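Visitor: My structure file data33.txt, compact mmCIF, C-alpha atoms, is below:
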# COMPACT_ATOMS: atom_id res chain seq x y z
CA MET A 91 -11.31 -3.69 4.69
CA ALA A 92 -7.75 -3.25 3.44
CA VAL A 93 -7.68 0.21 5.05
CA ARG A 94 -8.72 -1.33 8.38
CA ARG A 95 -5.89 -3.83 8.14
CA LEU A 96 -3.40 -1.06 7.38
CA LEU A 97 -4.63 0.83 10.45
CA PHE A 98 -4.20 -2.31 12.59
CA PHE A 99 -0.68 -2.70 11.18
CA ALA A 100 0.21 0.92 12.01
CA ALA A 101 -1.23 0.63 15.54
CA ALA A 102 0.64 -2.61 16.17
CA MET A 103 3.92 -1.04 15.04
CA VAL A 104 3.47 1.98 17.33
CA ILE A 105 2.67 -0.23 20.34
CA LEU A 106 5.61 -2.49 19.53
CA SER A 107 7.99 0.45 19.18
CA ILE A 108 7.03 1.62 22.68
CA LEU A 109 7.58 -1.84 24.14
CA VAL A 110 10.95 -2.27 22.41
CA PHE A 111 12.11 1.14 23.59
CA LEU A 112 11.11 0.53 27.22
CA VAL A 113 12.38 -3.06 27.44
CA LEU A 114 15.85 -2.10 26.22
CA ARG A 115 16.01 0.67 28.84
CA VAL A 116 15.33 -1.88 31.58
CA LEU A 117 18.42 -3.93 30.69
CA PRO A 118 21.27 -3.59 33.21
CA GLY A 119 24.28 -1.42 32.42
CA ASP A 120 24.83 2.17 31.39
CA GLN A 121 25.50 2.93 27.74
CA ALA A 122 27.59 6.02 28.41
CA SER A 123 29.78 4.22 30.95
CA LEU A 124 30.35 1.37 28.51
CA ILE A 125 31.43 3.68 25.70
CA ALA A 126 33.56 5.89 27.96
CA GLY A 127 35.53 2.93 29.30
CA LEU A 128 36.66 1.74 32.71
CA ASN A 129 39.13 4.60 33.27
CA SER A 130 36.64 7.39 32.66
CA THR A 131 35.70 9.85 35.38
CA PRO A 132 32.10 10.52 36.46
CA GLU A 133 32.37 13.95 34.81
CA GLN A 134 33.36 12.39 31.51
CA VAL A 135 30.49 9.92 31.72
CA ALA A 136 28.03 12.73 32.50
CA GLN A 137 29.32 14.77 29.56
CA LEU A 138 28.98 11.78 27.25
CA ARG A 139 25.43 11.20 28.46
CA ARG A 140 24.57 14.78 27.48
CA GLN A 141 26.20 14.34 24.08
CA LEU A 142 24.25 11.16 23.42
CA GLY A 143 21.00 12.68 24.67
CA LEU A 144 20.70 10.09 27.42
CA ASP A 145 20.06 12.77 30.01
CA ARG A 146 16.73 13.60 28.41
CA SER A 147 13.46 12.03 29.50
CA TYR A 148 12.41 8.70 28.01
CA ALA A 149 9.49 10.39 26.26
CA SER A 150 11.79 12.89 24.57
CA GLN A 151 14.22 10.16 23.48
CA TYR A 152 11.39 8.01 22.16
CA PHE A 153 9.73 10.69 20.05
CA SER A 154 13.07 11.82 18.62
CA TRP A 155 13.81 8.24 17.57
CA LEU A 156 10.28 7.71 16.18
CA GLN A 157 10.46 10.89 14.10
CA ALA A 158 13.77 9.74 12.63
CA VAL A 159 12.30 6.32 11.80
CA PHE A 160 9.38 7.95 9.97
CA ARG A 161 11.94 9.85 7.88
CA GLY A 162 13.61 6.55 6.99
CA ASP A 163 16.58 7.21 9.27
CA LEU A 164 17.28 4.25 11.54
CA GLY A 165 20.10 6.15 13.21
CA THR A 166 23.82 5.71 13.54
CA SER A 167 25.53 3.08 15.66
CA LEU A 168 27.15 4.73 18.65
CA LEU A 169 29.87 2.08 18.73
CA THR A 170 30.82 1.78 15.05
CA GLY A 171 29.71 5.17 13.78
CA GLN A 172 28.08 3.50 10.77
CA SER A 173 24.53 3.85 9.52
CA VAL A 174 22.21 1.23 11.01
CA ALA A 175 20.24 1.08 7.75
CA GLY A 176 23.42 0.50 5.77
CA GLN A 177 24.61 -2.28 8.05
CA ALA A 178 21.16 -3.90 8.02
CA ALA A 179 21.02 -3.76 4.22
CA GLN A 180 24.43 -5.40 3.95
CA ARG A 181 23.61 -8.20 6.38
CA SER A 182 20.19 -8.73 4.80
CA GLN A 183 22.06 -10.09 1.78
CA VAL A 184 22.70 -13.15 3.94
CA THR A 185 19.51 -13.38 6.01
CA PHE A 186 16.87 -12.98 3.30
CA PRO A 187 18.45 -15.37 0.76
CA LEU A 188 18.64 -17.86 3.64
CA ILE A 189 14.91 -17.39 4.28
CA CYS A 190 14.07 -17.76 0.58
CA ILE A 191 16.13 -20.93 0.16
CA SER A 192 14.52 -22.34 3.32
CA LEU A 193 11.05 -21.61 1.95
CA VAL A 194 11.82 -23.32 -1.35
CA LEU A 195 13.17 -26.39 0.43
CA SER A 196 10.14 -26.40 2.74
CA ALA A 197 7.83 -26.45 -0.27
CA LEU A 198 9.83 -29.20 -1.97
CA ILE A 199 9.61 -31.27 1.21
CA GLY A 200 6.14 -30.49 2.52
CA ILE A 201 3.89 -30.36 -0.56
CA PRO A 202 4.85 -33.72 -2.16
CA LEU A 203 4.73 -35.49 1.20
CA GLY A 204 1.37 -33.90 1.98
CA VAL A 205 -0.08 -35.09 -1.32
CA SER A 206 1.42 -38.57 -0.85
CA SER A 207 -0.05 -38.87 2.65
CA VAL A 208 -3.56 -38.18 1.30
CA ALA A 209 -3.08 -40.37 -1.78
CA ALA A 210 -2.01 -43.33 0.39
CA ARG A 211 -4.81 -45.84 0.82
CA ARG A 212 -3.47 -47.98 3.65
CA PRO A 213 -4.08 -46.60 7.18
CA ALA A 214 -0.67 -47.83 8.32
CA VAL A 215 1.07 -45.74 5.65
CA GLN A 216 -1.04 -42.70 6.54
CA ASN A 217 -0.05 -43.08 10.19
CA ILE A 218 3.63 -43.24 9.23
CA TYR A 219 3.30 -39.92 7.38
CA ARG A 220 1.44 -38.39 10.31
CA ILE A 221 3.99 -39.51 12.90
CA ALA A 222 6.88 -38.40 10.70
CA ALA A 223 5.36 -34.91 10.33
CA ILE A 224 4.81 -34.53 14.07
CA GLY A 225 8.29 -35.80 14.87
CA ALA A 226 10.05 -33.57 12.32
CA ALA A 227 8.16 -30.48 13.50
CA ALA A 228 9.35 -31.15 17.07
CA ILE A 229 13.06 -31.26 16.21
CA PRO A 230 15.00 -28.23 17.52
CA ALA A 231 16.69 -26.35 14.68
CA LEU A 232 19.91 -26.15 16.70
CA TRP A 233 20.10 -29.92 17.19
CA LEU A 234 19.27 -30.62 13.55
CA GLY A 235 21.94 -28.14 12.45
CA LEU A 236 24.56 -29.93 14.55
CA LEU A 237 23.48 -33.27 13.08
CA LEU A 238 23.80 -31.94 9.53
CA ILE A 239 27.27 -30.59 10.34
CA MET A 240 28.30 -34.04 11.57
CA LEU A 241 26.99 -35.62 8.37
CA PHE A 242 27.83 -33.14 5.61
CA GLY A 243 30.23 -30.59 7.13
CA ARG A 244 33.43 -30.07 5.19
CA GLY A 245 36.37 -31.23 7.30
CA THR A 246 34.21 -32.57 10.15
CA GLY A 247 31.36 -34.56 8.63
CA ILE A 248 31.10 -38.11 7.41
CA ILE A 249 30.32 -36.80 3.92
CA GLY A 250 32.29 -33.54 4.00
CA VAL A 251 30.92 -31.68 1.00
CA LEU A 252 29.47 -28.42 2.36
CA PRO A 253 30.94 -25.51 4.36
CA VAL A 254 29.84 -25.33 7.97
CA SER A 255 30.54 -21.71 8.86
CA GLY A 256 30.99 -18.28 7.39
CA PHE A 257 30.06 -16.60 4.13
CA PRO A 258 32.27 -15.66 1.15
CA ASP A 259 34.18 -12.42 1.71
CA ASP A 260 33.06 -11.10 -1.66
CA GLY A 261 29.45 -12.10 -0.96
CA TRP A 262 27.25 -12.82 -3.95
CA ALA A 263 30.07 -12.02 -6.35
CA SER A 264 30.78 -15.76 -5.90
CA PRO A 265 27.19 -17.04 -6.21
CA LEU A 266 28.02 -20.75 -6.15
CA GLU A 267 30.02 -20.52 -2.93
CA ALA A 268 27.39 -18.22 -1.41
CA VAL A 269 24.61 -20.72 -2.10
CA ARG A 270 26.74 -23.63 -0.83
CA SER A 271 27.32 -21.80 2.45
CA LEU A 272 23.55 -21.43 2.94
CA ILE A 273 22.47 -24.99 2.12
CA LEU A 274 23.10 -26.53 5.56
CA PRO A 275 21.57 -23.59 7.50
CA ALA A 276 18.54 -23.63 5.20
CA ALA A 277 18.14 -27.39 5.58
CA SER A 278 18.23 -27.00 9.37
CA VAL A 279 15.15 -24.80 9.18
CA SER A 280 13.34 -26.25 6.17
CA VAL A 281 13.02 -29.80 7.54
CA ILE A 282 11.07 -28.44 10.50
CA THR A 283 8.95 -25.96 8.52
CA GLY A 284 8.51 -28.52 5.75
CA ALA A 285 6.80 -30.79 8.28
CA SER A 286 4.33 -28.00 9.07
CA VAL A 287 3.74 -27.38 5.36
CA MET A 288 3.08 -31.10 4.95
CA ARG A 289 0.47 -31.08 7.70
CA TYR A 290 -1.32 -28.03 6.28
CA THR A 291 -1.22 -29.52 2.77
CA ARG A 292 -2.61 -32.79 4.06
CA SER A 293 -5.36 -31.04 6.03
CA GLY A 294 -6.44 -28.96 3.04
CA LEU A 295 -6.40 -31.88 0.62
CA LEU A 296 -8.40 -34.07 3.01
CA ASP A 297 -11.16 -31.46 2.99
CA VAL A 298 -11.06 -31.24 -0.80
CA ALA A 299 -11.00 -35.04 -1.17
CA ARG A 300 -14.40 -35.22 0.52
CA THR A 301 -15.96 -32.99 -2.17
CA ASP A 302 -17.11 -33.88 -5.67
CA TYR A 303 -14.17 -32.13 -7.32
CA ILE A 304 -11.83 -35.08 -6.90
CA SER A 305 -14.51 -37.56 -7.91
CA MET A 306 -15.29 -35.61 -11.06
CA SER A 307 -11.60 -35.40 -11.94
CA MET A 308 -11.22 -39.14 -11.48
CA ALA A 309 -14.34 -39.69 -13.61
CA ALA A 310 -12.62 -37.67 -16.34
CA GLY A 311 -9.80 -40.23 -16.43
CA MET A 312 -7.36 -39.07 -13.77
CA THR A 313 -5.95 -41.31 -11.09
CA ARG A 314 -6.52 -40.28 -7.48
CA ARG A 315 -2.94 -38.99 -7.20
CA GLU A 316 -3.28 -36.99 -10.44
CA ALA A 317 -6.59 -35.53 -9.25
CA LEU A 318 -5.00 -34.44 -5.97
CA TRP A 319 -2.04 -32.83 -7.75
CA LYS A 320 -3.92 -31.11 -10.56
CA THR A 321 -7.29 -30.33 -8.98
CA GLY A 322 -6.84 -30.58 -5.23
CA LEU A 323 -3.73 -28.42 -4.95
CA ARG A 324 -5.30 -25.68 -7.05
CA LEU A 325 -8.23 -25.54 -4.63
CA VAL A 326 -6.02 -25.28 -1.53
CA VAL A 327 -3.78 -22.53 -2.96
CA PRO A 328 -5.30 -19.83 -0.68
CA GLN A 329 -4.59 -21.93 2.40
CA LEU A 330 -1.05 -22.75 1.25
CA ALA A 331 -0.41 -19.09 0.47
CA SER A 332 -1.36 -18.28 4.05
CA VAL A 333 0.91 -21.04 5.34
CA PHE A 334 3.91 -19.80 3.39
CA GLY A 335 3.23 -16.22 4.43
CA ILE A 336 3.13 -17.21 8.09
CA THR A 337 6.19 -19.41 7.59
CA PHE A 338 8.10 -16.50 6.06
CA ALA A 339 7.12 -14.27 8.97
CA GLY A 340 8.27 -16.89 11.45
CA MET A 341 11.55 -17.38 9.61
CA VAL A 342 12.39 -13.69 9.94
CA THR A 343 13.19 -14.46 13.57
CA GLY A 344 13.59 -18.24 13.32
CA VAL A 345 16.74 -18.17 11.19
CA LEU A 346 18.54 -15.97 13.71
CA VAL A 347 19.47 -19.00 15.84
CA VAL A 348 20.73 -20.87 12.79
CA GLU A 349 22.85 -17.90 11.72
CA GLN A 350 24.60 -17.99 15.07
CA LEU A 351 25.27 -21.73 14.79
CA PHE A 352 26.79 -21.47 11.31
CA ALA A 353 28.59 -18.15 12.01
CA LEU A 354 26.80 -16.35 9.19
CA PRO A 355 27.19 -12.54 9.04
CA GLY A 356 23.44 -11.94 9.04
CA LEU A 357 21.09 -9.75 11.01
CA SER A 358 21.28 -11.95 14.11
CA GLY A 359 24.98 -11.30 14.70
CA MET A 360 24.43 -7.58 14.30
CA LEU A 361 21.49 -7.58 16.71
CA MET A 362 23.24 -9.69 19.36
CA ARG A 363 26.37 -7.53 19.17
CA ASP A 364 24.44 -4.31 19.63
CA ILE A 365 22.39 -5.65 22.55
CA GLN A 366 25.50 -6.96 24.34
CA ASN A 367 27.30 -3.65 23.79
CA ARG A 368 24.28 -1.61 24.92
CA ASP A 369 24.05 0.20 21.57
CA LEU A 370 20.41 0.93 22.27
CA LEU A 371 19.66 3.11 19.25
CA ALA A 372 20.95 0.49 16.84
CA ALA A 373 19.34 -2.43 18.71
CA GLN A 374 15.89 -0.86 18.94
CA SER A 375 15.94 0.10 15.26
CA GLU A 376 16.97 -3.43 14.25
CA ILE A 377 14.27 -5.06 16.40
CA LEU A 378 11.67 -2.66 15.00
CA LEU A 379 12.80 -3.45 11.44
CA LEU A 380 12.53 -7.22 11.99
CA SER A 381 9.15 -6.80 13.65
CA ALA A 382 7.91 -4.63 10.78
CA LEU A 383 8.87 -7.36 8.33
CA PHE A 384 7.05 -9.91 10.50
CA PHE A 385 3.83 -7.87 10.61
CA ALA A 386 4.13 -6.88 6.94
CA ALA A 387 4.25 -10.55 5.97
CA GLY A 388 1.03 -11.14 7.89
CA LEU A 389 -0.57 -8.12 6.20
CA VAL A 390 0.39 -9.43 2.76
CA VAL A 391 -1.07 -12.83 3.66
CA ASP A 392 -4.41 -11.24 4.63
CA ILE A 393 -4.55 -9.25 1.39
CA MET A 394 -3.65 -12.32 -0.67
CA CYS A 395 -6.42 -14.28 1.03
CA ILE A 396 -8.94 -11.56 0.13
CA ILE A 397 -7.73 -11.53 -3.50
CA THR A 398 -7.95 -15.31 -3.86
CA ASP A 399 -11.24 -15.56 -1.92
CA PRO A 400 -13.25 -12.28 -2.03
CA ARG A 401 -15.80 -13.73 0.39
CA LEU A 402 -13.34 -13.05 3.22
CA ASP A 403 -13.53 -9.31 2.56
CA SER A 404 -17.26 -9.22 3.26
CA ALA A 405 -16.98 -11.60 6.21
CA GLY A 406 -14.83 -9.22 8.27
CA PRO A 407 -11.30 -9.30 9.63
CA ASP A 408 -11.89 -12.31 11.85
CA ALA A 409 -12.85 -14.47 8.89
CA GLY A 410 -9.79 -13.32 7.04
CA THR A 411 -7.64 -14.40 9.94
CA ASP A 412 -9.23 -17.81 10.01
CA GLY A 413 -8.71 -18.16 6.29
CA ALA A 414 -5.02 -17.60 6.85
CA GLY A 415 -4.92 -20.63 9.08
CA ARG A 416 -4.28 -18.66 12.26
Represent the structure of the file as structure tokens.
Guide:
Amino acid sequence: MAVRRLLFFAAAMVILSILVFLVLRVLPGDQASLIAGLNSTPEQVAQLRRQLGLDRSYASQYFSWLQAVFRGDLGTSLLTGQSVAGQAAQRSQVTFPLICISLVLSALIGIPLGVSSVAARRPAVQNIYRIAAIGAAAIPALWLGLLLIMLFGRGTGIIGVLPVSGFPDDGWASPLEAVRSLILPAASVSVITGASVMRYTRSGLLDVARTDYISMSMAAGMTRREALWKTGLRLVVPQLASVFGITFAGMVTGVLVVEQLFALPGLSGMLMRDIQNRDLLAAQSEILLLSALFFAAGLVVDIMCIITDPRLDSAGPDAGTDGAGR
């Protein structure tokens, strides 16, 4: 079954690479004309097109790029002359820590609130939790980021304690400043994803609460809240693992908007710059890399679900997908 999932992953990546390649070619503007400049002659533009290989057929350009990707070569930026892989690795030092911090904050927000919503006895309190989760999940990350800047932004906020833009020039050589610069962006994302984690946690615990496991735990001397924390959460680990895997995959693209708002030198700035400047080779490699991470996260989730619940392996790929909460 794992082999089948790997084949699906490979097929999805090939199809996606074709779509990315073709969509970028549909965008208006000519790459050679942009690089050559406004004062270039048609002959100079034509010569540059030959040098860049843009005069070849789309099929030839695509297979040349795909072969390079299989060798681990994402190409060289036509505008900066730097390796795309090197630039992506450098900017990933901002994007992926941001994703990890957001996931941790999402767990700290969503899991306790999910347990509390199930442990609450009064229907009015349960409704408050439910409405709060729906409302928080509907907040746009951009609007929430602006609100956090107004509240906690250094120099602009009411409680100016955190930086609102940029990243330390020496990067993670100054770990405290690096983490401080990521707190507000991470909070902008984690409040929204934390609401989703809360809803999934609540849904899973409600199913467990109807079984005898919670009753037996309470008969052993636990309170209902203790039974939910110690017994219920352990039983919904496979579902929560799927939720966090899907959340990570969504954050690969979801944090790109937040990076733009807080002027972080992450993958989003690199991608937007290359698309605007028609650096097609760099842009298509970056989109393919982000998409590969997205699909890889889903693949890991499926495998984790099979490990934690072997019944999914014998039930087929559709059951595995349902077990992941998708």
Visitor: Between atom CA of Val184 of chain A and atom CA of Leu117 of chain A, what is the spacing in Å?
Guide: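 These two atoms are separated by 28.6 Å.
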Visitor: Would you mind listing what lies within 12 Å of segment 319-329 of chain A as a count of residues only, with all atoms listed in the file counted and same-chain residues fewer than 3 positions away left out?
Guide: 58
Visitor: Name all residues at most 8 Å from Leu232 of chain A (count all atoms listed in the file; drop same-chain ones fewer than 4 positions away) and give them as a PDB file with C-alpha atoms, keeping the file's coordinate frame.
Guide:
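File produced: part_4.pdb:
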ATOM      1  CA  LEU A 236      24.560 -29.930  14.550  1.00  0.00           C
ATOM      2  CA  SER A 278      18.230 -27.000   9.370  1.00  0.00           C
ATOM      3  CA  VAL A 347      19.470 -19.000  15.840  1.00  0.00           C
ATOM      4  CA  VAL A 348      20.730 -20.870  12.790  1.00  0.00           C
ATOM      5  CA  LEU A 351      25.270 -21.730  14.790  1.00  0.00           C
TER       6      LEU A 351
END
Visitor: What does the distance between atom CA of Leu114 of chain A and atom CA of Ala102 of chain A come to in Å, to one decimal place?
Guide: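 Computing the Euclidean distance for atom CA of Leu114 of chain A and atom CA of Ala102 of chain A yields 18.2 Å.
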Visitor: Rank A:Ile191, A:Val390, A:Ile239, A:Ala227 by their smallest atom-to-atom distance to Met288 of chain A, using only C-alpha atoms, and report the top residue only.
Guide: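 Ranking A:Ile191, A:Val390, A:Ile239, A:Ala227 by distance to Met288 of chain A, first place goes to A:Ala227.
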Visitor: Find the residue from A:Ile105, A:Met362, A:Val93, A:Val110 that sits nearest to Gln374 of chain A; use all atoms listed in the file when measuring.
Guide: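 When distances to Gln374 of chain A are compared using all atoms listed in the file, the smallest one comes from A:Val110.
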Visitor: Identify the residues around (20.1, -19.4, 6.5) within a radius of 10 Å, measuring from all atoms listed in the file in the coordinates stated by the file, and give them as an NGL selection string.
Guide: :A and (184-192 or 269 or 271-280 or 341 or 344-350 or 352 or 354 or 356)
Visitor: Those same residues, written as a CSV table (one decimal), keeping the file's coordinate frame with C-alpha atoms?
Guide:
chain,number,residue,atom,x,y,z
A,184,VAL,CA,22.7,-13.2,3.9
A,185,THR,CA,19.5,-13.4,6.0
A,186,PHE,CA,16.9,-13.0,3.3
A,187,PRO,CA,18.4,-15.4,0.8
A,188,LEU,CA,18.6,-17.9,3.6
A,189,ILE,CA,14.9,-17.4,4.3
A,190,CYS,CA,14.1,-17.8,0.6
A,191,ILE,CA,16.1,-20.9,0.2
A,192,SER,CA,14.5,-22.3,3.3
A,269,VAL,CA,24.6,-20.7,-2.1
A,271,SER,CA,27.3,-21.8,2.4
A,272,LEU,CA,23.6,-21.4,2.9
A,273,ILE,CA,22.5,-25.0,2.1
A,274,LEU,CA,23.1,-26.5,5.6
A,275,PRO,CA,21.6,-23.6,7.5
A,276,ALA,CA,18.5,-23.6,5.2
A,277,ALA,CA,18.1,-27.4,5.6
A,278,SER,CA,18.2,-27.0,9.4
A,279,VAL,CA,15.2,-24.8,9.2
A,280,SER,CA,13.3,-26.2,6.2
A,341,MET,CA,11.6,-17.4,9.6
A,344,GLY,CA,13.6,-18.2,13.3
A,345,VAL,CA,16.7,-18.2,11.2
A,346,LEU,CA,18.5,-16.0,13.7
A,347,VAL,CA,19.5,-19.0,15.8
A,348,VAL,CA,20.7,-20.9,12.8
A,349,GLU,CA,22.8,-17.9,11.7
A,350,GLN,CA,24.6,-18.0,15.1
A,352,PHE,CA,26.8,-21.5,11.3
A,354,LEU,CA,26.8,-16.4,9.2
A,356,GLY,CA,23.4,-11.9,9.0
Visitor: Using all atoms listed in the file, pick whichever of A:Gln180, A:Leu357, A:Gly165, A:Gly388 has the shortest atom-to-atom distance to Asp260 of chain A.
Guide: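 Once distances to Asp260 of chain A are computed over all atoms listed in the file, the minimum belongs to A:Gln180.
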Visitor: Skip segment 146-157 of chain A itself and residues of its chain fewer than 6 positions away, then list as a list in words all residues within 10 Å of it, counting only C-alpha atoms.
Guide: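 Once the nearby chain positions are removed, what remains is Val104, Ser107, Ile108, Phe111, Leu112, Arg115, Arg139, Arg140, Asp163, Leu164, Gly165, Leu371, Gln374 and Ser375 of chain A.
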Visitor: Could you list, as a VMD selection string, every residue within 7 Å of Asp369 of chain A, counting only C-alpha atoms and ignoring same-chain residues fewer than 4 positions away?
Guide: chain A and resid 121 167 to 169 364 to 365 373
Visitor: Which distance in Å separates atom CA of Leu380 of chain A and atom CA of Leu96 of chain A, to one decimal?
Guide: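 One can read the atom CA of Leu380 of chain A to atom CA of Leu96 of chain A distance as 17.7 Å.
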Visitor: Axis-aligned box over every listed atom of segment 347-356 of chain A, padded by 8 Å per side: centre and edges in Å to one decimal, as JSON?
Guide:
{"center_x": 24.0, "center_y": -16.8, "center_z": 12.4, "size_x": 25.1, "size_y": 25.8, "size_z": 22.8}
Visitor: Taking only C-alpha atoms into account, name the residue in A:Leu106, A:Ile377, A:Ala372, A:Ala386 that is nearest to Gly176 of chain A.
Guide: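 Smallest distance to Gly176 of chain A is found for A:Ala372.
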Visitor: Hey, what's within 7 Å of Pro253 of chain A if we count only C-alpha atoms and toss same-chain stuff fewer than 6 positions away? As a PDB file with C-alpha atoms, in the coordinates of the input, please?
Guide:
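And here's part.pdb as it stands now:
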ATOM      1  CA  GLY A 243      30.230 -30.590   7.130  1.00  0.00           C
ATOM      2  CA  ARG A 244      33.430 -30.070   5.190  1.00  0.00           C
ATOM      3  CA  ARG A 270      26.740 -23.630  -0.830  1.00  0.00           C
ATOM      4  CA  SER A 271      27.320 -21.800   2.450  1.00  0.00           C
TER       5      SER A 271
END
Visitor: In file coordinates, which residues lie within 8 Å of (32.5, -15.4, 8.3) using only C-alpha atoms, given as a PyMOL selection string?
Guide: chain A and resi 255-259+353-355
